[in-house]
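**Q** Following this line is start.cif, made up of mmCIF, C-alpha atoms (C1' of nucleotides):
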data_work
#
loop_
_atom_site.label_atom_id
_atom_site.label_comp_id
_atom_site.auth_asym_id
_atom_site.auth_seq_id
_atom_site.Cartn_x
_atom_site.Cartn_y
_atom_site.Cartn_z
CA MET I 1025 90.19 135.56 81.70
CA SER I 1026 87.96 132.86 80.32
CA PRO I 1027 86.45 130.50 82.90
CA ARG I 1028 87.80 127.45 81.09
CA GLN I 1029 91.38 128.55 80.53
CA ALA I 1030 91.46 130.21 83.94
CA ASP I 1031 94.76 130.54 85.66
CA THR I 1032 96.87 127.55 84.76
CA ARG I 1033 99.02 128.27 87.76
CA GLN I 1034 96.16 127.73 90.17
CA ARG I 1035 94.91 124.66 88.34
CA ALA I 1036 98.42 123.25 88.45
CA LEU I 1037 98.54 123.70 92.21
CA ASP I 1038 95.19 121.92 92.57
CA VAL I 1039 96.09 119.01 90.34
CA ALA I 1040 99.54 118.61 91.83
CA LEU I 1041 98.16 118.61 95.36
CA GLU I 1042 95.68 115.93 94.40
CA LEU I 1043 98.33 113.74 92.81
CA PHE I 1044 100.94 114.32 95.50
CA ALA I 1045 98.41 113.50 98.21
CA GLU I 1046 97.28 110.40 96.37
CA GLN I 1047 100.47 108.80 95.14
CA GLY I 1048 103.25 110.82 96.71
CA TYR I 1049 105.63 113.50 95.49
CA GLU I 1050 108.38 111.23 94.17
CA LYS I 1051 106.06 109.03 92.21
CA THR I 1052 104.28 111.92 90.54
CA SER I 1053 106.01 113.28 87.44
CA LEU I 1054 105.59 116.68 85.86
CA ARG I 1055 104.51 114.91 82.70
CA GLU I 1056 101.60 113.41 84.57
CA ILE I 1057 100.56 116.76 85.99
CA ALA I 1058 100.89 118.46 82.62
CA GLU I 1059 98.78 115.81 80.91
CA ARG I 1060 95.94 116.28 83.37
CA LEU I 1061 96.10 120.00 82.82
CA ASP I 1062 96.16 119.43 79.09
CA VAL I 1063 99.28 121.51 78.66
CA THR I 1064 102.92 120.56 78.10
CA LYS I 1065 105.63 120.19 80.68
CA ALA I 1066 107.30 123.32 79.34
CA ALA I 1067 104.18 125.33 80.08
CA LEU I 1068 104.41 124.13 83.64
CA TYR I 1069 107.96 125.40 83.84
CA TYR I 1070 106.71 128.83 82.86
CA HIS I 1071 104.72 128.96 86.10
CA PHE I 1072 107.09 127.10 88.40
CA ALA I 1073 110.86 127.16 88.23
CA SER I 1074 111.12 123.55 89.41
CA LYS I 1075 109.20 120.65 90.79
CA GLU I 1076 110.24 121.74 94.24
CA ALA I 1077 108.87 125.24 93.63
CA LEU I 1078 105.56 123.63 92.79
CA LEU I 1079 105.72 121.78 96.08
CA ALA I 1080 106.48 125.01 97.92
CA GLY I 1081 103.50 126.69 96.28
CA ILE I 1082 101.19 123.93 97.44
CA ILE I 1083 102.48 124.10 100.96
CA ASP I 1084 102.03 127.85 101.17
CA SER I 1085 98.38 127.54 100.24
CA LEU I 1086 97.81 124.68 102.68
CA VAL I 1087 99.45 126.33 105.64
CA GLU I 1088 97.04 129.26 105.67
CA PRO I 1089 94.01 127.81 107.51
CA VAL I 1090 96.32 126.23 110.08
CA ASP I 1091 98.03 129.54 110.74
CA GLU I 1092 94.65 131.14 111.30
CA LEU I 1093 93.69 128.58 113.92
CA VAL I 1094 97.04 128.87 115.65
CA ALA I 1095 96.91 132.67 115.59
CA TRP I 1096 93.45 132.65 117.17
CA SER I 1097 94.61 130.16 119.79
CA GLN I 1098 97.40 132.48 120.82
CA THR I 1099 94.91 135.18 121.82
CA GLN I 1100 93.10 132.78 124.15
CA PRO I 1101 93.76 131.90 127.79
CA ARG I 1102 94.85 128.30 128.28
CA THR I 1103 91.77 127.01 130.06
CA THR I 1104 89.90 123.75 129.66
CA GLU I 1105 87.18 125.81 128.00
CA PHE I 1106 89.71 127.02 125.45
CA ARG I 1107 90.84 123.49 124.65
CA LEU I 1108 87.26 122.42 124.07
CA GLU I 1109 86.67 125.26 121.64
CA TYR I 1110 90.02 124.54 119.98
CA LEU I 1111 88.92 120.97 119.33
CA ARG I 1112 85.59 122.14 117.93
CA ARG I 1113 87.35 124.41 115.46
CA LEU I 1114 89.87 121.74 114.60
CA ALA I 1115 87.08 119.26 113.90
CA GLU I 1116 85.55 121.70 111.48
CA LEU I 1117 88.85 122.26 109.70
CA LEU I 1118 89.49 118.53 109.47
CA GLN I 1119 86.28 118.08 107.55
CA GLY I 1120 87.19 120.94 105.25
CA PRO I 1121 90.51 122.39 104.08
CA LEU I 1122 92.69 120.50 106.56
CA SER I 1123 91.54 117.22 105.11
CA ARG I 1124 93.75 117.49 102.03
CA TRP I 1125 96.53 118.92 104.12
CA ILE I 1126 96.77 115.91 106.39
CA SER I 1127 96.59 113.37 103.56
CA PHE I 1128 99.34 115.29 101.87
CA VAL I 1129 101.54 115.26 104.96
CA GLN I 1130 100.94 111.57 105.57
CA GLN I 1131 101.77 110.57 102.04
CA ASN I 1132 104.89 112.69 101.81
CA GLN I 1133 106.80 112.25 105.02
CA PRO I 1134 110.07 111.56 103.14
CA VAL I 1135 110.13 114.78 101.11
CA LEU I 1136 108.88 116.88 103.97
CA ARG I 1137 111.60 115.69 106.31
CA ASP I 1138 114.17 116.57 103.66
CA HIS I 1139 116.32 119.63 103.76
CA THR I 1140 113.66 121.54 101.84
CA GLU I 1141 112.55 124.77 103.44
CA ALA I 1142 108.96 124.12 102.44
CA GLY I 1143 108.99 120.81 104.24
CA GLN I 1144 110.21 122.38 107.44
CA LYS I 1145 107.42 124.92 107.27
CA MET I 1146 104.88 122.13 106.98
CA GLN I 1147 106.27 120.14 109.88
CA SER I 1148 106.52 123.16 112.14
CA ARG I 1149 102.82 123.93 111.60
CA LEU I 1150 101.88 120.38 112.46
CA LEU I 1151 103.84 120.58 115.70
CA LEU I 1152 102.31 123.95 116.52
CA LEU I 1153 98.86 122.52 115.96
CA CYS I 1154 99.57 119.82 118.54
CA ALA I 1155 101.38 122.12 120.93
CA ARG I 1156 98.42 124.46 121.39
CA ILE I 1157 96.36 121.77 123.09
CA ILE I 1158 99.02 121.10 125.71
CA GLU I 1159 99.00 122.86 129.08
CA PRO I 1160 102.69 123.27 130.00
CA GLU I 1161 102.00 123.52 133.73
CA ALA I 1162 99.99 120.31 133.85
CA ALA I 1163 101.23 116.89 134.91
CA LEU I 1164 102.83 114.75 132.24
CA GLN I 1165 99.86 112.39 132.22
CA ASP I 1166 97.43 115.24 131.70
CA GLN I 1167 99.52 116.64 128.87
CA LEU I 1168 99.38 113.26 127.20
CA ARG I 1169 95.65 113.04 127.74
CA SER I 1170 95.12 116.36 126.02
CA LEU I 1171 97.21 115.29 123.07
CA LEU I 1172 95.21 112.08 122.81
CA GLY I 1173 92.06 114.19 122.85
CA LEU I 1174 93.36 115.94 119.79
CA LEU I 1175 94.11 112.59 118.18
CA ALA I 1176 90.57 111.46 118.93
CA VAL I 1177 89.17 114.45 117.06
CA TYR I 1178 91.54 113.68 114.25
CA LEU I 1179 90.40 110.06 114.06
CA GLY I 1180 86.76 110.99 114.22
CA ASN I 1181 86.70 113.78 111.69
CA LEU I 1182 89.27 113.07 109.02
CA ALA I 1183 87.69 111.09 106.23
CA PRO I 1184 90.46 108.50 105.65
CA ALA I 1185 90.93 107.94 109.37
CA SER I 1186 87.25 107.45 109.95
CA ALA I 1187 87.14 105.06 106.98
CA MET I 1188 89.93 103.07 108.62
CA LEU I 1189 88.00 102.95 111.87
CA ARG I 1190 84.97 101.53 110.11
CA SER I 1191 87.17 98.92 108.46
CA LEU I 1192 88.32 98.06 111.99
CA GLY I 1193 84.79 97.07 112.85
CA PHE I 1194 83.38 100.32 114.15
CA GLU I 1195 79.74 100.10 113.22
CA ALA I 1196 78.87 103.75 112.99
CA THR I 1197 78.21 106.40 110.40
CA PRO I 1198 80.87 109.07 109.94
CA GLU I 1199 78.59 111.47 111.81
CA GLU I 1200 78.16 109.15 114.81
CA LEU I 1201 81.90 108.63 114.85
CA ALA I 1202 82.59 112.36 114.88
CA VAL I 1203 80.20 112.82 117.79
CA ALA I 1204 81.63 109.91 119.78
CA ALA I 1205 85.17 111.11 119.15
CA MET I 1206 84.29 114.53 120.48
CA ASP I 1207 82.75 112.92 123.58
CA VAL I 1208 85.96 111.06 124.30
CA ALA I 1209 88.10 114.09 123.46
CA ARG I 1210 86.17 116.32 125.86
CA GLU I 1211 86.86 113.91 128.63
CA LEU I 1212 90.56 113.82 127.79
CA VAL I 1213 91.30 117.53 127.63
CA ARG I 1214 89.58 118.21 130.94
CA ILE I 1215 92.39 118.66 133.41
CA GLY I 1216 92.14 117.86 137.11
CA PRO I 1217 89.37 119.27 139.34
CA ASP I 1218 89.17 122.58 137.50
CA GLN I 1219 92.82 123.31 138.10
CA TRP I 1220 93.31 125.16 134.83
CA SER I 1221 89.76 126.05 133.92
CA MET P 274 130.84 81.27 104.71
CA SER P 275 133.13 84.06 105.84
CA PRO P 276 131.68 86.45 108.37
CA ARG P 277 132.57 89.45 106.22
CA GLN P 278 131.21 88.26 102.89
CA ALA P 279 128.24 86.65 104.59
CA ASP P 280 125.01 86.34 102.71
CA THR P 281 124.65 89.31 100.42
CA ARG P 282 120.95 88.62 100.27
CA GLN P 283 120.49 89.25 103.98
CA ARG P 284 122.74 92.28 103.97
CA ALA P 285 120.73 93.67 101.08
CA LEU P 286 117.52 93.27 103.05
CA ASP P 287 119.04 95.09 106.01
CA VAL P 288 120.46 97.97 104.01
CA ALA P 289 117.32 98.35 101.91
CA LEU P 290 115.12 98.45 104.99
CA GLU P 291 117.27 101.11 106.50
CA LEU P 292 117.19 103.25 103.38
CA PHE P 293 113.51 102.70 102.65
CA ALA P 294 112.62 103.59 106.23
CA GLU P 295 114.79 106.65 106.13
CA GLN P 296 114.12 108.21 102.76
CA GLY P 297 111.27 106.19 101.28
CA TYR P 298 110.99 103.45 98.68
CA GLU P 299 110.62 105.65 95.59
CA LYS P 300 113.52 107.88 96.45
CA THR P 301 115.88 104.99 97.11
CA SER P 302 117.55 103.58 94.00
CA LEU P 303 119.06 100.16 93.53
CA ARG P 304 122.31 101.88 92.68
CA GLU P 305 122.34 103.44 96.14
CA ILE P 306 121.68 100.12 97.82
CA ALA P 307 124.31 98.36 95.76
CA GLU P 308 126.90 101.01 96.55
CA ARG P 309 126.39 100.59 100.28
CA LEU P 310 126.74 96.85 99.91
CA ASP P 311 129.84 97.37 97.82
CA VAL P 312 128.48 95.25 94.99
CA THR P 313 126.98 96.17 91.62
CA LYS P 314 123.34 96.51 90.72
CA ALA P 315 123.59 93.35 88.64
CA ALA P 316 124.64 91.40 91.71
CA LEU P 317 121.54 92.66 93.44
CA TYR P 318 119.46 91.31 90.60
CA TYR P 319 120.91 87.88 91.17
CA HIS P 320 119.26 87.82 94.60
CA PHE P 321 116.06 89.72 93.84
CA ALA P 322 114.15 89.62 90.58
CA SER P 323 113.07 93.23 90.94
CA LYS P 324 112.97 96.19 93.27
CA GLU P 325 109.50 95.14 94.28
CA ALA P 326 110.72 91.65 95.17
CA LEU P 327 113.24 93.28 97.47
CA LEU P 328 110.40 95.18 99.09
CA ALA P 329 108.41 91.99 99.52
CA GLY P 330 111.38 90.31 101.16
CA ILE P 331 111.67 93.11 103.68
CA ILE P 332 108.01 93.00 104.51
CA ASP P 333 108.03 89.27 105.10
CA SER P 334 110.77 89.60 107.67
CA LEU P 335 109.06 92.53 109.39
CA VAL P 336 105.66 90.95 109.64
CA GLU P 337 106.83 88.08 111.79
CA PRO P 338 106.90 89.63 115.29
CA VAL P 339 103.55 91.23 114.64
CA ASP P 340 102.02 87.94 113.64
CA GLU P 341 103.30 86.39 116.85
CA LEU P 342 101.62 89.04 118.98
CA VAL P 343 98.39 88.74 117.05
CA ALA P 344 98.44 84.95 117.23
CA TRP P 345 98.92 85.07 120.99
CA SER P 346 96.12 87.61 121.34
CA GLN P 347 93.73 85.30 119.56
CA THR P 348 94.16 82.65 122.25
CA GLN P 349 93.12 85.13 124.94
CA PRO P 350 89.68 86.08 126.27
CA ARG P 351 88.76 89.67 125.51
CA THR P 352 88.87 91.07 129.02
CA THR P 353 90.24 94.31 130.33
CA GLU P 354 93.06 92.27 131.84
CA PHE P 355 93.90 90.97 128.38
CA ARG P 356 94.03 94.44 126.91
CA LEU P 357 96.42 95.56 129.65
CA GLU P 358 98.75 92.66 128.93
CA TYR P 359 98.42 93.29 125.21
CA LEU P 360 99.62 96.85 125.70
CA ARG P 361 102.54 95.71 127.83
CA ARG P 362 103.69 93.34 125.09
CA LEU P 363 103.13 95.96 122.42
CA ALA P 364 105.23 98.46 124.36
CA GLU P 365 108.07 95.96 124.44
CA LEU P 366 107.84 95.31 120.72
CA LEU P 367 107.76 99.04 119.95
CA GLN P 368 111.09 99.48 121.66
CA GLY P 369 112.52 96.53 119.73
CA PRO P 370 111.76 95.02 116.33
CA LEU P 371 108.53 96.92 115.74
CA SER P 372 110.41 100.18 115.83
CA ARG P 373 111.86 99.79 112.35
CA TRP P 374 108.56 98.36 111.12
CA ILE P 375 106.56 101.43 112.08
CA SER P 376 109.07 103.89 110.62
CA PHE P 377 109.01 101.89 107.45
CA VAL P 378 105.22 101.97 107.24
CA GLN P 379 105.07 105.66 108.00
CA GLN P 380 107.61 106.58 105.36
CA ASN P 381 106.10 104.41 102.66
CA GLN P 382 102.37 104.91 102.74
CA PRO P 383 102.21 105.49 98.95
CA VAL P 384 103.86 102.23 97.90
CA LEU P 385 102.10 100.22 100.56
CA ARG P 386 98.68 101.43 99.44
CA ASP P 387 99.55 100.44 95.88
CA HIS P 388 98.27 97.37 94.20
CA THR P 389 101.30 95.46 95.46
CA GLU P 390 100.52 92.27 97.35
CA ALA P 391 103.30 92.94 99.83
CA GLY P 392 101.81 96.31 100.66
CA GLN P 393 98.43 94.79 101.39
CA LYS P 394 100.03 92.29 103.72
CA MET P 395 101.67 95.10 105.63
CA GLN P 396 98.52 97.15 105.95
CA SER P 397 96.43 94.19 107.01
CA ARG P 398 98.83 93.47 109.87
CA LEU P 399 98.65 97.06 111.03
CA LEU P 400 94.86 96.92 111.10
CA LEU P 401 94.91 93.60 112.92
CA LEU P 402 97.24 95.06 115.52
CA CYS P 403 94.72 97.81 116.19
CA ALA P 404 91.69 95.56 115.96
CA ARG P 405 92.81 93.26 118.80
CA ILE P 406 92.49 96.04 121.36
CA ILE P 407 88.88 96.73 120.45
CA GLU P 408 86.00 95.05 122.26
CA PRO P 409 83.28 94.63 119.60
CA GLU P 410 80.45 94.50 122.13
CA ALA P 411 81.43 97.71 123.85
CA ALA P 412 79.93 101.15 123.28
CA LEU P 413 81.41 103.18 120.46
CA GLN P 414 83.01 105.60 122.94
CA ASP P 415 84.70 102.76 124.79
CA GLN P 416 85.99 101.27 121.57
CA LEU P 417 87.53 104.61 120.72
CA ARG P 418 89.03 104.90 124.19
CA SER P 419 90.73 101.53 123.82
CA LEU P 420 92.16 102.51 120.47
CA LEU P 421 93.47 105.74 121.95
CA GLY P 422 95.06 103.68 124.69
CA LEU P 423 96.97 101.83 122.04
CA LEU P 424 98.00 105.12 120.46
CA ALA P 425 99.24 106.32 123.84
CA VAL P 426 101.50 103.30 124.13
CA TYR P 427 102.68 103.97 120.60
CA LEU P 428 103.48 107.61 121.39
CA GLY P 429 105.25 106.73 124.59
CA ASN P 430 107.39 103.88 123.38
CA LEU P 431 108.33 104.48 119.78
CA ALA P 432 111.57 106.41 119.59
CA PRO P 433 110.63 108.93 116.85
CA ALA P 434 107.21 109.58 118.40
CA SER P 435 108.66 110.15 121.82
CA ALA P 436 111.28 112.45 120.29
CA MET P 437 108.45 114.44 118.75
CA LEU P 438 106.71 114.68 122.09
CA ARG P 439 109.81 116.09 123.69
CA SER P 440 110.09 118.64 120.88
CA LEU P 441 106.49 119.57 121.77
CA GLY P 442 107.65 120.63 125.19
CA PHE P 443 107.23 117.44 127.15
CA GLU P 444 109.91 117.69 129.74
CA ALA P 445 110.53 114.04 130.47
CA THR P 446 113.04 111.34 129.76
CA PRO P 447 112.02 108.61 127.32
CA GLU P 448 111.58 106.31 130.31
CA GLU P 449 109.29 108.70 132.16
CA LEU P 450 107.30 109.18 128.99
CA ALA P 451 106.84 105.44 128.52
CA VAL P 452 105.61 105.08 132.09
CA ALA P 453 103.23 108.02 131.83
CA ALA P 454 101.89 106.75 128.53
CA MET P 455 101.16 103.37 130.06
CA ASP P 456 99.36 105.09 132.96
CA VAL P 457 97.10 106.92 130.57
CA ALA P 458 96.63 103.85 128.38
CA ARG P 459 95.58 101.71 131.34
CA GLU P 460 92.86 104.17 132.15
CA LEU P 461 91.67 104.21 128.55
CA VAL P 462 91.36 100.47 127.93
CA ARG P 463 89.41 99.90 131.12
CA ILE P 464 85.82 99.46 130.04
CA GLY P 465 82.80 100.38 132.18
CA PRO P 466 82.28 99.05 135.72
CA ASP P 467 83.98 95.72 135.03
CA GLN P 468 81.56 94.91 132.26
CA TRP P 469 84.08 92.98 130.19
CA SER P 470 86.70 92.15 132.75
"C1'" DG V 419 101.61 131.90 77.94
"C1'" DT V 420 102.18 127.91 75.41
"C1'" DC V 421 104.47 125.26 72.08
"C1'" DT V 422 108.32 121.78 69.80
"C1'" DA V 423 112.56 119.89 70.39
"C1'" DT V 424 116.11 118.35 72.94
"C1'" DA V 425 119.60 118.08 76.42
"C1'" DA V 426 121.51 115.52 80.30
"C1'" DG V 427 120.86 112.40 83.61
"C1'" DT V 428 119.02 108.37 86.13
"C1'" DA V 429 115.90 104.76 86.82
"C1'" DG V 430 114.93 99.60 86.63
"C1'" DA V 431 116.31 95.70 84.28
"C1'" DT V 432 118.95 92.21 81.11
"C1'" DA V 433 122.86 89.64 78.43
"C1'" DG V 434 126.63 87.25 78.75
"C1'" DA V 435 131.62 86.72 80.40
"C1'" DC V 436 134.19 84.96 84.36
"C1'" DG B 1484 127.73 85.02 92.80
"C1'" DT B 1485 129.56 88.82 90.86
"C1'" DC B 1486 131.19 91.43 87.11
"C1'" DT B 1487 131.05 94.84 82.66
"C1'" DA B 1488 128.35 96.68 79.36
"C1'" DT B 1489 124.20 97.93 77.60
"C1'" DC B 1490 119.09 98.76 76.73
"C1'" DT B 1491 114.89 101.12 77.19
"C1'" DA B 1492 112.13 104.18 79.35
"C1'" DC B 1493 111.43 107.93 81.87
"C1'" DT B 1494 112.87 111.93 84.68
"C1'" DT B 1495 113.80 117.12 85.47
"C1'" DA B 1496 114.95 120.95 83.03
"C1'" DT B 1497 116.22 124.34 79.12
"C1'" DA B 1498 116.36 126.87 74.41
"C1'" DG B 1499 114.05 129.20 71.33
"C1'" DA B 1500 109.97 129.72 67.97
"C1'" DC B 1501 105.17 131.47 67.88
#
Could you take the file, read its structure, and then write that structure out as structure tokens?

**A**
Amino acid sequence: MSPRQADTRQRALDVALELFAEQGYEKTSLREIAERLDVTKAALYYHFASKEALLAGIIDSLVEPVDELVAWSQTQPRTTEFRLEYLRRLAELLQGPLSRWISFVQQNQPVLRDHTEAGQKMQSRLLLLCARIIEPEAALQDQLRSLLGLLAVYLGNLAPASAMLRSLGFEATPEELAVAAMDVARELVRIGPDQWS
Amino acid sequence: MSPRQADTRQRALDVALELFAEQGYEKTSLREIAERLDVTKAALYYHFASKEALLAGIIDSLVEPVDELVAWSQTQPRTTEFRLEYLRRLAELLQGPLSRWISFVQQNQPVLRDHTEAGQKMQSRLLLLCARIIEPEAALQDQLRSLLGLLAVYLGNLAPASAMLRSLGFEATPEELAVAAMDVARELVRIGPDQWS
DNA sequence: GTCTATAAGTAGATAGAC
DNA sequence: GTCTATCTACTTATAGAC
């Protein structure tokens, strides 16, 4: 396969993800996607049976890195040390592949909550991602603190979130923000006087 | 005016808000809104020049309680005590009028980020709401902690968020959750050894 | 694997009668 | 203030040639 004309299917997934994440699923038409790919709508229908199938394809590719993190987390004991490492790995993902994933989720709440099977898959992974930081035996307050620790990492490492923080008056570089967020997060996921560490 | 046939304009705003918050702006058609009102699309156009004007009308009505909270906050000194009271008032709003507002924002990120003037208004209020909890002179970590305190109140008091928490395994009634969230939030907005209190 | 052509439907919006 | 009827534009999706 020539490098230019390489795999229209894959290019379609990339372009569609970009547009869906930017302007939402409903607002993005197949015509628009096809134009960017420099093919016709009909060509698109050769690769995907429907717009929803295209959506499902995107979701499948996005879910992968999350599943890896969750799978790893399930082999670990639920100690404070584990939660700290979990946050470190999450921070890394948020700066990489998870970045597009989260934007996509945020911009497409309506479709994802729909009956669609793909949407359910997406939502379930998001819940799982949050659930792994929570220690079921801990006090309610400590469970909440852990979850907020995860949110801190999210705020500090996801590009749009950190841009919002700076627009809120945070005078810090993205790097400083990521470090500060991890500081705060560490404090939050530490439970009791070494009860579960 | 008869109570039944009362003000189609207001009823339209109510119905549209409900539908927009539930399934998103793009996915909701004027036909659907008109059907629920038991009038025709044309009648809708008598009251609103366009779909976007309808959106703007909704936003204006939603922005009001937020503006009140922000206005009050601007008369207050920026002490820890203020932030605690701010959170108490926010918690109240989240259980009342702000509830629909937040769902609406969450489900309509794409439209609200658009060029539309109404969308900008909405976003600016959301930022302002967050900004009032932040002490500009504080250390970056403490600023983040305050913001997370606000998020805790959000998680604990907004119905959909607290439903999500329970699906995450939090075994608590909505009331218990709200109390626990305020506990955690109090701890987070407290800055240093009474530096700004 | 990509094209042209087109079907079938719905969207937002308007004209003009009542 | 609400109606019927209609317009234009655009949507998802399909049929069939190359």

**Q** Would you kindly report the residues of chain I within 10 Å of chain V, using all atoms listed in the file, as a PyMOL selection string?

**A** chain I and resi 1032+1063-1068+1070-1071

**Q** Compile a residue-level contact table for chain B against chain P at a cut-off of 9 Å, reporting for every qualifying residue the shortest atom pair and its distance in Å to one decimal, with all atoms listed in the file counted, rows ordered by chain and ascending number, as a Markdown table.

**A**
| residue | atom | partner | partner_atom | distance |
| --- | --- | --- | --- | --- |
| B:DG1484 | C1' | P:Ala316 | CA | 7.2 |
| B:DT1485 | C1' | P:Ala316 | CA | 5.6 |
| B:DC1486 | C1' | P:Thr313 | CA | 7.8 |

**Q** Each residue of chain I lying at most 6 Å from chain P should get a row with its shortest atom-to-atom pair and the distance in Å to one decimal, counting only C-alpha atoms; could you produce that, ordered by chain and increasing number, as a Markdown table?

**A**
| residue | atom | partner | partner_atom | distance |
| --- | --- | --- | --- | --- |
| I:Gln1047 | CA | P:Pro383 | CA | 5.3 |
| I:Gly1048 | CA | P:Pro383 | CA | 5.9 |
| I:Gln1131 | CA | P:Gln382 | CA | 5.7 |
| I:Gln1133 | CA | P:Gln380 | CA | 5.7 |
| I:Pro1134 | CA | P:Gln296 | CA | 5.3 |
| I:Ala1155 | CA | P:Leu441 | CA | 5.8 |
| I:Gln1165 | CA | P:Ala453 | CA | 5.5 |
| I:Leu1192 | CA | P:Ala404 | CA | 5.8 |
| I:Ala1204 | CA | P:Gln414 | CA | 5.5 |

**Q** Could you list, as a PyMOL selection string, every residue matched by the PyMOL selection byres ((chain I and resi 1108) around 10) in this structure?

**A** chain I and resi 1103-1107+1109-1114+1157+1173-1174+1206+1209-1214

**Q** Generate the output file for the selected residues, C-alpha atoms, as a tab-separated table (two decimals), keeping the file's coordinate frame.

**A**
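Output below, filename part-v2.tsv:
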chain	number	residue	atom	x	y	z
I	1103	THR	CA	91.77	127.01	130.06
I	1104	THR	CA	89.90	123.75	129.66
I	1105	GLU	CA	87.18	125.81	128.00
I	1106	PHE	CA	89.71	127.02	125.45
I	1107	ARG	CA	90.84	123.49	124.65
I	1109	GLU	CA	86.67	125.26	121.64
I	1110	TYR	CA	90.02	124.54	119.98
I	1111	LEU	CA	88.92	120.97	119.33
I	1112	ARG	CA	85.59	122.14	117.93
I	1113	ARG	CA	87.35	124.41	115.46
I	1114	LEU	CA	89.87	121.74	114.60
I	1157	ILE	CA	96.36	121.77	123.09
I	1173	GLY	CA	92.06	114.19	122.85
I	1174	LEU	CA	93.36	115.94	119.79
I	1206	MET	CA	84.29	114.53	120.48
I	1209	ALA	CA	88.10	114.09	123.46
I	1210	ARG	CA	86.17	116.32	125.86
I	1211	GLU	CA	86.86	113.91	128.63
I	1212	LEU	CA	90.56	113.82	127.79
I	1213	VAL	CA	91.30	117.53	127.63
I	1214	ARG	CA	89.58	118.21	130.94

**Q** Carefully work through the PyMOL selection byres ((chain P and resi 303-307) around 8) for this structure and note down the residues it includes, as JSON, numbers by chain.

**A** {"P": [285, 288, 289, 292, 301, 302, 308, 309, 310, 311, 312, 313, 314, 317, 324]}

**Q** Which polymer residues have any atom within 9 Å of an atom of Trp1125 (chain I), counting all atoms listed in the file, with same-chain residues fewer than 5 positions away left out, as a ChimeraX atom specification?

**A** /I:1041,1045,1083,1086-1087,1118,1130

**Q** Limited to C-alpha atoms, could you put the picked residues into a file as a PDB file, in the coordinates of the input?

**A**
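For reference, result27.pdb as written:
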ATOM      1  CA  LEU I1041      98.160 118.610  95.360  1.00  0.00           C
ATOM      2  CA  ALA I1045      98.410 113.500  98.210  1.00  0.00           C
ATOM      3  CA  ILE I1083     102.480 124.100 100.960  1.00  0.00           C
ATOM      4  CA  LEU I1086      97.810 124.680 102.680  1.00  0.00           C
ATOM      5  CA  VAL I1087      99.450 126.330 105.640  1.00  0.00           C
ATOM      6  CA  LEU I1118      89.490 118.530 109.470  1.00  0.00           C
ATOM      7  CA  GLN I1130     100.940 111.570 105.570  1.00  0.00           C
TER       8      GLN I1130
END

**Q** Please indicate the distance in Å from CA of Arg1033 (chain I) to CA of Phe1128 (chain I), rounded to one decimal place.

**A**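 Separation of CA of Arg1033 (chain I) and CA of Phe1128 (chain I): 19.2 Å.
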
**Q** Between CA of Ser397 (chain P) and CA of Glu1042 (chain I), what is the distance in Å, rounded to a tenth?

**A**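 The value is 25.1 Å.
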
**Q** If I take CA of Ser1127 (chain I) and CA of Gly1143 (chain I), how far is one from the other in Å, to one decimal?

**A**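 CA of Ser1127 (chain I) sits 14.5 Å away from CA of Gly1143 (chain I).
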
**Q** Emit as JSON the padded axis-aligned box for all listed atoms of region 1489-1500 of chain B, 5 Å per side, with centre and edge lengths in Å to one decimal.

**A**
{"center_x": 117.1, "center_y": 113.8, "center_z": 76.7, "size_x": 24.2, "size_y": 41.8, "size_z": 27.5}

**Q** Given the file shown, determine the residues that the PyMOL selection byres ((chain I and resi 1093) around 10) selects; report them as an NGL selection string.

**A** :I and (1088-1092 or 1094-1098 or 1110 or 1113-1114 or 1117 or 1153 or 1156)
